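Asks: This is the structure I want to talk about, given as structure tokens.
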Amino acid sequence: MRCRLLFLMLLCYPFFVPAQNREIDSLKNVITSNTADTIKLQAYSDLNWLYSQSDYSLSRKYAMDELTLAKKINNKKWIAQAWNDIGIAYYKMNFLDSALDCYNKSLVIRRGLKDKNLIGSSLSKIGLMQFNLGNYSDALKNQLEALQLFEALNSEPKIALTYNNIAIIYEKLKNYNKEIEYSQKALELHKKNKDEYQMALDYGNLAGAYRLQKNTKRSNEYLELALPIFRKVGDVASEANVLNSIGLNYKVDKDSVKALEYYKMAYVLAEKANDKGGIAIYGHNISVGLMDMGKYAEAEKYSLKVLESTEPKNKAQLLISYRTLATIYGYINQGTKARIYLNKYTDLKDTIFSQENAGQIAEMEVKYQTEKKSLELAKKKAELEASNRRNFIKNMVIVSIIIVALLVGLLVISNYRRKQIKLKAEAAAELARQQELRSKAVIEAEEKERQRIAQDLHDGVGQILSAAKLNLSGLESKLKLQDLEQKVLLSNALELVHDSIKEVRVVSHNMMPNTLIKLGLASAIREFISKMNASYMKIDLEIIGLNERLDSNTEAILYRVVQEIISNIVKHAQAKRVGIQLVRHENELTIIVEDNGVGFDKTIQFEGIGLKNITSRVQFLNGHVEFDS
């Protein structure tokens, strides 16, 4: 169930929205009257919103009229609102890039006005455009900034809606844990305000997130919480949606019979509520379920009902219906009907493609006409200025020639210097790039060699020693040695082999610990520290914010850095206590290691390569190292 409010499209919309034709006429009378300009601006804005539901061209026209008047009286708040309203018209026309450009223009002005409420509204709309354009990271960034503003205003309804917006983005990013986290935050606010209906929608969102994680048990728990609320308020369509979602969970659990049972219950309720969209969705689910069971005749019946109830403008549902019916008729060997619906599917798909192209062409035409008008105005302005300056230019020709000659000379010198600087910069950049590539190759080669040696130790030397131990153990059981000295020698040999096996395993594990590969950096360091703790030295470890895995190369490099630091402390510091902190904040990771040992003189040039290894590895990750004593 996805009963979500897909983005806060008209967040903080400041005006009332009339719905009847007589109110539209009333607004048109306002803009032709002698009333104050601000009242006319409000009327233009209201007309833009009203027509955005039906006539997109008129919606854009009134928003452009609003912009013209707002610029005439130089009212920045209304200029920003006009750009916002033009963006709404473009959004309804599905010109997403144009809408995004308008919302950005509105945002720039609103930032200057420092109105947090309106800035949040613009950020939310920009987030919607980025989301629809597939730029999920940018969408998330804008929604998080909007959230900060609404939190500063303590606007709980807007905060809750923004939580849901963020949850939707995380769903697209397939970060279902974050999706659940923000859906839970929205739920807590709605619980606090005792808004049962919004709580039911939140339950539905959480149910959908858990289904995506294949946790159908938890998903059904939330659906069972939402169901009585929708029944209580008499929302039959949402009740049907919940039942359909339970059916989807049974489908995930591969229980086709139970899934079909709930699809049918949802279908009956959708018919009762005259919910044509629901009838289409649930009827399609029933049809697919019946096809999976081989019940094609019954599947045909539901698919035809779905097609009958589908609005002509709902082209996406028509495509699904045509394709499903073509499949059904193909299964039951009715080739003529199968071809009919396959042709309908193909023709409609071609029509949609043509319409989309026409829309793109229309958008380009609007941009072209706008640019053309701007060029014409600029040309007239230039001609006027040229006429006013003509006499003055005649008297300044000689001076101008001299100035031009000087400028050309300076330009030649400047270009020469710029080229020299550019060549030096390019050479330095290329050198740095080559050094970085060499460093990367060395470090990657080191890690591969470590893995190879660890594998050889484990699979080669380790296995040979294990075989030797097995043979010695067999020899000890077979031979009845009377000589005490021989018994001791054989026993010692077994012990040495056993100790060698343990040592090989330790070395192999340290070179490439399984914990690092399977569980990541935090777990590997915890395991390493637990083995290093001893009576003569205590190591304290604190890890903050490192909840998610890094890429494997980065984890391996940082693990080596920590190993090298602890190794240096053990060898040289004579420390009794060591403290290690790993702190991750956003895209930065800080590692702090402190000990109470004897320290060292930083002015002395050490011959060892330990500190150099640490520095080069961290610099490879674009990091920075500081040593202090």
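Ordered as shown in the structure tokens, chains take letters A, B, and onward, while each chain numbers its residues from 1 and ligands are numbered from 1 in the order shown.
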What's around segment 613-615 of chain A at 9 Å? Count only C-alpha atoms, leave out sequence neighbours fewer than 2 positions away in its own chain, and write the answer as a PyMOL selection string.

Replies: chain A and resi 560-562+564-565+609-611+617-620+623-626

Asks: Skipping near chain neighbours, those fewer than 5 positions away, what residues fall within 8 Å of Leu319 of chain A using only C-alpha atoms, listed as JSON, numbers by chain?

Replies: {"A": [345, 348, 349]}

Asks: For Ile79 of chain A, work out the shell of residues within 6 Å, counting only C-alpha atoms and skipping chain neighbours fewer than 3 positions away, then give it as a list in words.

Replies: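 After dropping sequence-adjacent residues, the list is Leu67, Ala70, Lys76 and Ala82 of chain A.
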
Asks: Neighbouring residues of Lys77 of chain A were defined as those with any atom within 8 Å, considering only C-alpha atoms; residues of the same chain fewer than 5 positions away were excluded. Please report them as a ChimeraX atom specification.

Replies: /A:109-110,113

Asks: Can I get the selected residues back with N, CA and C atoms, as a PDB file, in the first residue's frame?

Replies:
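This is the output file part20.pdb:
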ATOM      1  N   ILE A 109      14.993  34.712  -4.966  1.00  0.00           N
ATOM      2  CA  ILE A 109      14.361  35.933  -4.428  1.00  0.00           C
ATOM      3  C   ILE A 109      13.922  35.714  -2.989  1.00  0.00           C
ATOM      4  N   ARG A 110      13.320  34.558  -2.702  1.00  0.00           N
ATOM      5  CA  ARG A 110      12.827  34.290  -1.346  1.00  0.00           C
ATOM      6  C   ARG A 110      13.964  34.187  -0.334  1.00  0.00           C
ATOM      7  N   LEU A 113      14.649  37.602   0.684  1.00  0.00           N
ATOM      8  CA  LEU A 113      13.614  38.105   1.604  1.00  0.00           C
ATOM      9  C   LEU A 113      13.698  37.457   2.980  1.00  0.00           C
TER      10      LEU A 113
END

Asks: Residues of segment 1-110 of chain A in helix (DSSP H, G or I) according to DSSP, as a PyMOL selection string?

Replies: chain A and resi 21-31+37-51+56-72+76-92+96-110

Asks: Could you take the residues named above and write them with C-alpha atoms, as a PDB file, in the first residue's frame?

Replies:
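Generated file (part03.pdb):
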ATOM      1  CA  ASN A  21     -17.025  28.985 -12.147  1.00  0.00           C
ATOM      2  CA  ARG A  22     -18.745  31.959 -10.549  1.00  0.00           C
ATOM      3  CA  GLU A  23     -15.682  32.472  -8.365  1.00  0.00           C
ATOM      4  CA  ILE A  24     -13.465  32.350 -11.470  1.00  0.00           C
ATOM      5  CA  ASP A  25     -15.630  35.042 -13.019  1.00  0.00           C
ATOM      6  CA  SER A  26     -15.360  37.058  -9.816  1.00  0.00           C
ATOM      7  CA  LEU A  27     -11.565  36.853  -9.937  1.00  0.00           C
ATOM      8  CA  LYS A  28     -11.526  37.975 -13.571  1.00  0.00           C
ATOM      9  CA  ASN A  29     -13.602  41.002 -12.570  1.00  0.00           C
ATOM     10  CA  VAL A  30     -11.015  41.828  -9.897  1.00  0.00           C
ATOM     11  CA  ILE A  31      -8.119  42.001 -12.383  1.00  0.00           C
ATOM     12  CA  ASP A  37      -2.332  46.013  -7.452  1.00  0.00           C
ATOM     13  CA  THR A  38      -1.664  43.539  -4.620  1.00  0.00           C
ATOM     14  CA  ILE A  39      -5.292  42.381  -4.752  1.00  0.00           C
ATOM     15  CA  LYS A  40      -4.995  41.923  -8.521  1.00  0.00           C
ATOM     16  CA  LEU A  41      -1.810  39.916  -7.991  1.00  0.00           C
ATOM     17  CA  GLN A  42      -3.644  37.627  -5.605  1.00  0.00           C
ATOM     18  CA  ALA A  43      -6.405  37.173  -8.180  1.00  0.00           C
ATOM     19  CA  TYR A  44      -3.865  36.303 -10.900  1.00  0.00           C
ATOM     20  CA  SER A  45      -2.277  33.750  -8.571  1.00  0.00           C
ATOM     21  CA  ASP A  46      -5.628  32.179  -7.698  1.00  0.00           C
ATOM     22  CA  LEU A  47      -6.596  31.961 -11.387  1.00  0.00           C
ATOM     23  CA  ASN A  48      -3.259  30.302 -12.148  1.00  0.00           C
ATOM     24  CA  TRP A  49      -3.965  27.640  -9.536  1.00  0.00           C
ATOM     25  CA  LEU A  50      -7.562  27.075 -10.595  1.00  0.00           C
ATOM     26  CA  TYR A  51      -6.701  26.658 -14.284  1.00  0.00           C
ATOM     27  CA  TYR A  56      -2.616  24.568 -18.504  1.00  0.00           C
ATOM     28  CA  SER A  57      -2.162  27.286 -21.135  1.00  0.00           C
ATOM     29  CA  LEU A  58      -4.493  29.664 -19.281  1.00  0.00           C
ATOM     30  CA  SER A  59      -2.780  28.739 -16.030  1.00  0.00           C
ATOM     31  CA  ARG A  60       0.555  29.842 -17.494  1.00  0.00           C
ATOM     32  CA  LYS A  61      -0.969  32.987 -19.058  1.00  0.00           C
ATOM     33  CA  TYR A  62      -2.317  34.279 -15.733  1.00  0.00           C
ATOM     34  CA  ALA A  63       0.997  33.509 -14.013  1.00  0.00           C
ATOM     35  CA  MET A  64       2.865  35.489 -16.700  1.00  0.00           C
ATOM     36  CA  ASP A  65       0.433  38.393 -16.265  1.00  0.00           C
ATOM     37  CA  GLU A  66       1.101  38.149 -12.528  1.00  0.00           C
ATOM     38  CA  LEU A  67       4.864  38.395 -13.170  1.00  0.00           C
ATOM     39  CA  THR A  68       4.469  41.426 -15.458  1.00  0.00           C
ATOM     40  CA  LEU A  69       2.447  43.349 -12.831  1.00  0.00           C
ATOM     41  CA  ALA A  70       4.740  42.303  -9.969  1.00  0.00           C
ATOM     42  CA  LYS A  71       7.796  43.578 -11.890  1.00  0.00           C
ATOM     43  CA  LYS A  72       5.960  46.803 -12.765  1.00  0.00           C
ATOM     44  CA  LYS A  76       9.868  41.152  -4.818  1.00  0.00           C
ATOM     45  CA  LYS A  77       7.611  38.893  -2.782  1.00  0.00           C
ATOM     46  CA  TRP A  78       5.087  38.806  -5.604  1.00  0.00           C
ATOM     47  CA  ILE A  79       7.787  38.414  -8.275  1.00  0.00           C
ATOM     48  CA  ALA A  80       8.914  35.283  -6.403  1.00  0.00           C
ATOM     49  CA  GLN A  81       5.307  34.072  -6.139  1.00  0.00           C
ATOM     50  CA  ALA A  82       4.792  34.667  -9.882  1.00  0.00           C
ATOM     51  CA  TRP A  83       7.841  32.538 -10.780  1.00  0.00           C
ATOM     52  CA  ASN A  84       6.468  29.915  -8.400  1.00  0.00           C
ATOM     53  CA  ASP A  85       3.086  29.983 -10.179  1.00  0.00           C
ATOM     54  CA  ILE A  86       4.668  29.770 -13.647  1.00  0.00           C
ATOM     55  CA  GLY A  87       6.530  26.723 -12.347  1.00  0.00           C
ATOM     56  CA  ILE A  88       3.226  25.153 -11.297  1.00  0.00           C
ATOM     57  CA  ALA A  89       1.841  25.589 -14.836  1.00  0.00           C
ATOM     58  CA  TYR A  90       4.960  24.059 -16.394  1.00  0.00           C
ATOM     59  CA  TYR A  91       4.815  21.169 -13.921  1.00  0.00           C
ATOM     60  CA  LYS A  92       1.213  20.442 -14.907  1.00  0.00           C
ATOM     61  CA  LEU A  96       9.870  19.537 -15.678  1.00  0.00           C
ATOM     62  CA  ASP A  97      13.103  21.343 -16.622  1.00  0.00           C
ATOM     63  CA  SER A  98      11.216  24.611 -17.183  1.00  0.00           C
ATOM     64  CA  ALA A  99       9.348  24.172 -13.903  1.00  0.00           C
ATOM     65  CA  LEU A 100      12.636  23.556 -12.075  1.00  0.00           C
ATOM     66  CA  ASP A 101      14.136  26.722 -13.579  1.00  0.00           C
ATOM     67  CA  CYS A 102      11.135  28.797 -12.413  1.00  0.00           C
ATOM     68  CA  TYR A 103      11.231  27.358  -8.886  1.00  0.00           C
ATOM     69  CA  ASN A 104      14.958  28.142  -8.649  1.00  0.00           C
ATOM     70  CA  LYS A 105      14.315  31.764  -9.677  1.00  0.00           C
ATOM     71  CA  SER A 106      11.625  32.002  -7.002  1.00  0.00           C
ATOM     72  CA  LEU A 107      13.979  30.496  -4.408  1.00  0.00           C
ATOM     73  CA  VAL A 108      16.746  33.033  -5.099  1.00  0.00           C
ATOM     74  CA  ILE A 109      14.361  35.933  -4.428  1.00  0.00           C
ATOM     75  CA  ARG A 110      12.827  34.290  -1.346  1.00  0.00           C
TER      76      ARG A 110
END

Asks: Quick one: residues within 6 Å of segment 242-253 of chain A, only C-alpha atoms, excluding same-chain residues fewer than 2 positions away - as a VMD selection string?

Replies: chain A and resid 1 216 239 to 240 255 to 256 259 262 to 263 266

Asks: Identify, on the basis of only C-alpha atoms, every residue whose closest approach to segment 593-596 of chain A does not exceed 10 Å; exclude the query and any residue fewer than 6 positions from it along the same chain; express the result as a count of residues only.

Replies: 22

Asks: Give me, as JSON, numbers by chain, all polymer residues having an atom no more than 12 Å from segment 324-327 of chain A, counting only C-alpha atoms and skipping those fewer than 3 positions away in the same chain.

Replies: {"A": [283, 284, 285, 286, 287, 288, 289, 290, 291, 292, 296, 297, 298, 299, 300, 301, 302, 303, 304, 305, 306, 307, 317, 318, 319, 320, 321, 330, 331, 332, 333, 334, 335, 336, 337, 338, 339, 340, 341, 342, 343, 344, 345, 346]}

Asks: Measure the distance from atom CA of Leu189 of chain A to atom CA of Phe150 of chain A in Å and round it to one decimal.

Replies: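 Atom-to-atom, atom CA of Leu189 of chain A and atom CA of Phe150 of chain A are spaced 13.5 Å apart.
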
Asks: Using only C-alpha atoms for the distances, tell me which of A:Glu151, A:Glu145, A:Glu156, A:Glu586 is nearest to Ser122 of chain A.

Replies: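 Of all the options, A:Glu145 lies closest to Ser122 of chain A.
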
Asks: Between A:His190, A:Lys141, A:Arg231, A:Lys178, which is the closest to Ile159 of chain A once you count only C-alpha atoms?

Replies: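 That would be A:His190, the residue with the smallest distance to Ile159 of chain A.
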